[in-house]
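See structure below.
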Amino acid sequence: MFKKILVATFVAAGALSAANAQQAKPLNRANLDTTCAPCTDFYEFANGGWLKRNSIPPDKSSLGSFGILGDQNQEVVQKIVIDDANLVRDGEAKAGSNDMKIGNFYAACMDTTAMEKAGVKPLKPALDAIAAAKTTDDIVKLFGSRALRGGGGGGRGGGGGASPFSLGPQTDPKNSKLVILSANQGGLVLNREDYLGDNERANDRRAKYVEHMARSLELIGESKDQAAADAKTVMGLETAIAKVTIPQADMRDPVATYHKMTLAEFGKMTPHIDWQRYLQQQGAKTTADVNVRAPQYFTALDTLITSTPVDTWKAYLRWHVTNGAMNSLSSAFRKEAFAWQKVTSGVQQQQSRLKQCAAATNAALGEAVGEQWIKRNFTPEAKARAAKMVDNLVSALRDRINGLDWMSQQTKVQAVAKLNAFLRKVAYPDKWRDYSTLAIKPGSYYDNQRVVAEWNSERSWARLGKAPARDEWSMTPPTVNASYSSSLNQIQFPAGILQPPFFDPNADDAVNYGALGAVIGHEMTHGFDDSGRQFDAQGILRDWWTPEDASKYKAAAQLVVDQFNGYTVVDSVSHVNGRLTLGENIADLGGLTVAYHAMEKAIAGKPHPKIDGFTPEQRFFLGWAQVWRSLARPEQALNSLKTDSHSPNKWRVNGPLSNMPEFKQAFGCKEGDPMVRPESLRARIW
Ligand SMILES: [Zn+2]
């Protein structure tokens, strides 16, 4: 997993899902609903036919372009892991090779008989350690214990593992050449609002969560009564933690979350946590300053640590250790984990074991699988084509910045310097990750997950006190996503997204610029969104804006906040959080604007034929809209509203387009049409 703090992604991983084959034509008229006017609801116009024809498969929480392409990519992953497992079975995999590691990992995941036999045994060391705790300090020591970590392979939520915080290596926002420590709040399973909300939905979610906890605790051997009592106790403690947790939207502010201090100073803030001991427990070879991202949280947590009975903390730790490992344990645990997944995402049926294990292997050995995936699925020519498009988009944004009428020359020079310094990663790494020190043995799936977690943790801690690894990728090649990192000033586009419907070698420029071009523009714009703009060309948190330009920027950003606050999903009361989604919404608007002008440049001087009845300008916007067509279960949609920094798909289309005069012109919309916002409310940044 990569650090989310400084990385803005293009789509929430949780929103990805799947089905059938991608359409053959770049734009298919059958996907449109031409009974809906484009100037009334462009999302419906562009996708209505598709939305009516499709339904969400029972093992998915949503269905859309990202998920369908993701499934195609996963099919190649499945072939790779099965081939490697066969090589291992036939004695043809070389000892210590990636083939052997992949084959072993996948085979252990598929061996549900061994998981059944092991039962709750893999959790025994962690549960024994918790049982032995007698004092508050014993509890604090357990927060750092490696025995309580790993084995679950992630994907179950819960923040900082079994502890109510996380502390780990991270680039210093004010010195991008140095990895220091970063301390973060954590320790919750539900989102903060679900603990604190006083409405039917939150009440129901809490009740179901307590039942789920109780059933899970029974599975580790607690009596029915004990498990029910423990579940209530844990709910009480987690609610207390939620009360002092800072809302996610506030945590997006890089200045408000920068509080660098020595470890000794941090210790004074939290007298009941021995941070030196914590570092030793992690195997840290050195120490460093720490950026305490949420000081108020840690002060309050220190009080909670002593005011909460030791037995309550023990119940909390039992639950979190169990919760983190459920998918690597016997069928009773996996069934219970799925029962909860049903509640949170609305999914009806569990994915096949094969699919789960292929995805888990890809998550554990991403670049080993990725190296083979690229060989089977991607060419150097495709990489070169995508890199060229990135170059074109960078040059288009440079033109836009230089042409802005609201920005001073002084700020423009700095902005262009930052743009020119972008570290560009396209398709796949030049050098693949070396897994030679990672031993994956046949046998216990739980143990292999633990080994991988430990290996990743050691790699991460080894960077403490050094420069960050600039050449490493944070996403694996088959990923259908893209990212920007402020501290590296880096844009990253895995091969997984450089395919139809994002980039189609058979499509006209207009469609490709509307889809992949706008994706590239989106990630570049993150370097200049409300958070990203506060970092300079070297990835250093430093204010390089003139006060006047900064205040003009903020005024435009506020228009975007207000605009998205007005949008709802599922019903009329569930609103988008304009502040939480601001960075993404700015990136969509900026990305589209830049890509549109890059497209105009690319087609200038060439014939502009209508294709399927649409001009290139119209096809540009259709290209964008088709990327976002999606059906989502209400549970999934409502969950995303609270936790996802991206707006719901429909608003990722209609929101930015209704700000763009280019869209109005392309479809001949009039002032007053729903897809044309009043000029005074229209945001224009890039
Ligand atoms: Zn983004």
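Chain lettering (A, B, ...) mirrors the order of the structure tokens, residue numbering begins at 1 for each chain separately, and ligand numbering begins at 1 in order of display.
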
| field | Neighbourhood of ligand 1 at 10 Å, counting only C-alpha atoms and all ligand atoms, reported as a PyMOL selection string | value | chain A and resi 7-12+481-484+519-526+529+581-588+591+645-646

| query | If we count only C-alpha atoms, what is near Gly283 (chain A) at a cut-off of 12 Å, once residues fewer than 2 positions away on the same chain are taken out, given as a VMD selection string? | reply | chain A and resid 144 to 146 168 276 to 281 285 to 287 454 to 455 457 to 462 464

Go ahead and write the residues just picked, N, CA, C and O atoms, as a PDB file, in the first residue's frame.
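Generated output (selection_26.pdb):
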ATOM      1  N   GLY A 144       2.862  -1.272  19.548  1.00  0.00           N
ATOM      2  CA  GLY A 144       4.013  -1.348  18.641  1.00  0.00           C
ATOM      3  C   GLY A 144       4.444  -2.762  18.313  1.00  0.00           C
ATOM      4  O   GLY A 144       5.388  -2.960  17.554  1.00  0.00           O
ATOM      5  N   SER A 145       3.758  -3.741  18.881  1.00  0.00           N
ATOM      6  CA  SER A 145       4.201  -5.129  18.737  1.00  0.00           C
ATOM      7  C   SER A 145       4.014  -5.657  17.321  1.00  0.00           C
ATOM      8  O   SER A 145       2.938  -5.558  16.732  1.00  0.00           O
ATOM      9  N   ARG A 146       5.084  -6.262  16.796  1.00  0.00           N
ATOM     10  CA  ARG A 146       4.985  -6.835  15.452  1.00  0.00           C
ATOM     11  C   ARG A 146       4.186  -8.135  15.477  1.00  0.00           C
ATOM     12  O   ARG A 146       3.686  -8.582  14.436  1.00  0.00           O
ATOM     13  N   GLY A 168       5.248   6.134  11.151  1.00  0.00           N
ATOM     14  CA  GLY A 168       6.131   5.470  10.195  1.00  0.00           C
ATOM     15  C   GLY A 168       6.910   6.478   9.376  1.00  0.00           C
ATOM     16  O   GLY A 168       6.681   7.681   9.464  1.00  0.00           O
ATOM     17  N   GLN A 276      10.706   5.940  21.732  1.00  0.00           N
ATOM     18  CA  GLN A 276      11.980   5.263  21.451  1.00  0.00           C
ATOM     19  C   GLN A 276      11.780   3.748  21.435  1.00  0.00           C
ATOM     20  O   GLN A 276      12.279   3.048  20.561  1.00  0.00           O
ATOM     21  N   ARG A 277      11.020   3.260  22.402  1.00  0.00           N
ATOM     22  CA  ARG A 277      10.743   1.838  22.463  1.00  0.00           C
ATOM     23  C   ARG A 277       9.947   1.407  21.229  1.00  0.00           C
ATOM     24  O   ARG A 277      10.197   0.352  20.635  1.00  0.00           O
ATOM     25  N   TYR A 278       9.000   2.250  20.833  1.00  0.00           N
ATOM     26  CA  TYR A 278       8.188   1.949  19.646  1.00  0.00           C
ATOM     27  C   TYR A 278       9.088   1.779  18.421  1.00  0.00           C
ATOM     28  O   TYR A 278       8.933   0.841  17.629  1.00  0.00           O
ATOM     29  N   LEU A 279      10.059   2.697  18.273  1.00  0.00           N
ATOM     30  CA  LEU A 279      10.988   2.617  17.140  1.00  0.00           C
ATOM     31  C   LEU A 279      11.819   1.334  17.183  1.00  0.00           C
ATOM     32  O   LEU A 279      12.032   0.687  16.163  1.00  0.00           O
ATOM     33  N   GLN A 280      12.276   0.992  18.393  1.00  0.00           N
ATOM     34  CA  GLN A 280      13.039  -0.261  18.535  1.00  0.00           C
ATOM     35  C   GLN A 280      12.192  -1.452  18.105  1.00  0.00           C
ATOM     36  O   GLN A 280      12.657  -2.356  17.419  1.00  0.00           O
ATOM     37  N   GLN A 281      10.930  -1.427  18.528  1.00  0.00           N
ATOM     38  CA  GLN A 281      10.032  -2.534  18.167  1.00  0.00           C
ATOM     39  C   GLN A 281       9.902  -2.678  16.642  1.00  0.00           C
ATOM     40  O   GLN A 281       9.733  -3.781  16.137  1.00  0.00           O
ATOM     41  N   LYS A 285      16.742   1.509  12.555  1.00  0.00           N
ATOM     42  CA  LYS A 285      18.192   1.537  12.766  1.00  0.00           C
ATOM     43  C   LYS A 285      18.646   2.914  13.245  1.00  0.00           C
ATOM     44  O   LYS A 285      19.778   3.106  13.662  1.00  0.00           O
ATOM     45  N   THR A 286      17.776   3.887  13.119  1.00  0.00           N
ATOM     46  CA  THR A 286      18.139   5.250  13.471  1.00  0.00           C
ATOM     47  C   THR A 286      16.880   5.971  13.950  1.00  0.00           C
ATOM     48  O   THR A 286      15.795   5.411  13.917  1.00  0.00           O
ATOM     49  N   THR A 287      17.060   7.203  14.412  1.00  0.00           N
ATOM     50  CA  THR A 287      15.882   7.962  14.810  1.00  0.00           C
ATOM     51  C   THR A 287      15.785   9.208  13.933  1.00  0.00           C
ATOM     52  O   THR A 287      16.649   9.450  13.094  1.00  0.00           O
ATOM     53  N   GLU A 454       5.915  -7.785   6.794  1.00  0.00           N
ATOM     54  CA  GLU A 454       7.180  -7.501   7.482  1.00  0.00           C
ATOM     55  C   GLU A 454       8.237  -6.992   6.502  1.00  0.00           C
ATOM     56  O   GLU A 454       8.974  -6.052   6.784  1.00  0.00           O
ATOM     57  N   TRP A 455       8.280  -7.627   5.338  1.00  0.00           N
ATOM     58  CA  TRP A 455       9.274  -7.255   4.320  1.00  0.00           C
ATOM     59  C   TRP A 455       9.031  -5.813   3.866  1.00  0.00           C
ATOM     60  O   TRP A 455       9.947  -5.009   3.765  1.00  0.00           O
ATOM     61  N   SER A 457       7.452  -3.509   5.542  1.00  0.00           N
ATOM     62  CA  SER A 457       7.710  -2.638   6.673  1.00  0.00           C
ATOM     63  C   SER A 457       9.217  -2.377   6.815  1.00  0.00           C
ATOM     64  O   SER A 457       9.648  -1.243   7.006  1.00  0.00           O
ATOM     65  N   GLU A 458      10.005  -3.430   6.690  1.00  0.00           N
ATOM     66  CA  GLU A 458      11.464  -3.261   6.796  1.00  0.00           C
ATOM     67  C   GLU A 458      12.017  -2.355   5.699  1.00  0.00           C
ATOM     68  O   GLU A 458      12.867  -1.505   5.953  1.00  0.00           O
ATOM     69  N   ARG A 459      11.515  -2.527   4.491  1.00  0.00           N
ATOM     70  CA  ARG A 459      11.963  -1.671   3.384  1.00  0.00           C
ATOM     71  C   ARG A 459      11.640  -0.214   3.687  1.00  0.00           C
ATOM     72  O   ARG A 459      12.432   0.678   3.438  1.00  0.00           O
ATOM     73  N   SER A 460      10.446  -0.009   4.206  1.00  0.00           N
ATOM     74  CA  SER A 460      10.013   1.345   4.499  1.00  0.00           C
ATOM     75  C   SER A 460      10.859   1.965   5.621  1.00  0.00           C
ATOM     76  O   SER A 460      11.341   3.092   5.502  1.00  0.00           O
ATOM     77  N   TRP A 461      11.087   1.197   6.706  1.00  0.00           N
ATOM     78  CA  TRP A 461      11.865   1.730   7.838  1.00  0.00           C
ATOM     79  C   TRP A 461      13.323   1.942   7.471  1.00  0.00           C
ATOM     80  O   TRP A 461      14.009   2.789   8.045  1.00  0.00           O
ATOM     81  N   ALA A 462      13.828   1.180   6.502  1.00  0.00           N
ATOM     82  CA  ALA A 462      15.227   1.332   6.085  1.00  0.00           C
ATOM     83  C   ALA A 462      15.480   2.703   5.453  1.00  0.00           C
ATOM     84  O   ALA A 462      16.618   3.147   5.350  1.00  0.00           O
ATOM     85  N   LEU A 464      14.404   5.535   6.650  1.00  0.00           N
ATOM     86  CA  LEU A 464      14.405   6.592   7.672  1.00  0.00           C
ATOM     87  C   LEU A 464      15.774   7.280   7.719  1.00  0.00           C
ATOM     88  O   LEU A 464      16.807   6.625   7.774  1.00  0.00           O
TER      89      LEU A 464
END

| request: Between A:Asp289, A:Asp83, A:Asp612, A:Asp562, single out the one closest to Glu265 (chain A), counting only C-alpha atoms. | output: A:Asp289

| query | CA of Ser97 (chain A) to CA of Thr361 (chain A): how many Å, to one decimal? | reply | 15.0 Å

| Residue with smallest distance to Arg542 (chain A) - pool A:Leu488, A:Ile82, A:Val255, A:Ala625, counting only C-alpha atoms |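 Checking each of A:Leu488, A:Ile82, A:Val255, A:Ala625 against Arg542 (chain A), counting only C-alpha atoms, the winner is A:Val255.
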
| said: Need to verify the contact set: Lys134 (chain A), 8 Å, only C-alpha atoms, exclusion of same-chain residues closer than 4 positions in sequence. Can you return it as a PyMOL selection string? | reply: chain A and resi 138-139+310

For the residues selected in the previous step, produce a file with N, CA and C atoms as a compact mmCIF listing (two decimals), in the first residue's frame.
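As written to disk, selection.txt reads:
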# COMPACT_ATOMS: atom_id res chain seq x y z
N ASP A 138 1.73 -2.08 29.40
CA ASP A 138 1.72 -3.31 28.59
C ASP A 138 0.90 -3.09 27.32
N ILE A 139 -0.22 -2.38 27.47
CA ILE A 139 -1.08 -2.10 26.31
C ILE A 139 -0.33 -1.24 25.30
N VAL A 310 -7.69 -1.27 31.33
CA VAL A 310 -6.83 -2.19 30.59
C VAL A 310 -7.66 -3.28 29.88

| From A:Gly187, A:Pro254, A:Pro468, A:Gly514, residue lying nearest Gly324 (chain A) [only C-alpha atoms] |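 Of A:Gly187, A:Pro254, A:Pro468, A:Gly514, the one nearest Gly324 (chain A), counting only C-alpha atoms, is A:Gly187.
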
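In this structure, CA of Ala495 (chain A) sits 5.3 Å away from CA of Pro477 (chain A).
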
| field | Residue among A:Asn199, A:Asn565, A:Asn104, A:Gln534 lying closest to Gln449 (chain A), counting only C-alpha atoms | value |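 With only C-alpha atoms as the atom set, the closest residue is A:Asn104.
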
| request: Run DSSP on the backbone of this structure and report the residues of region 88-251 of chain A it assigns to strand (DSSP E), as a list in words. | output: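 Strand (DSSP E) members of region 88-251 of chain A, listed: Phe165, Ser166, Leu167, Gly168, Pro169, Gln170, Thr171, Asp172, Asn175, Ser176, Lys177, Leu178, Val179, Ile180, Leu181, Ser182, Ala183, Asn184 and Gln185 of chain A.
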
| note | Atom pair CA of Gly366 (chain A) + CA of Ala427 (chain A), distance 13.8 Å
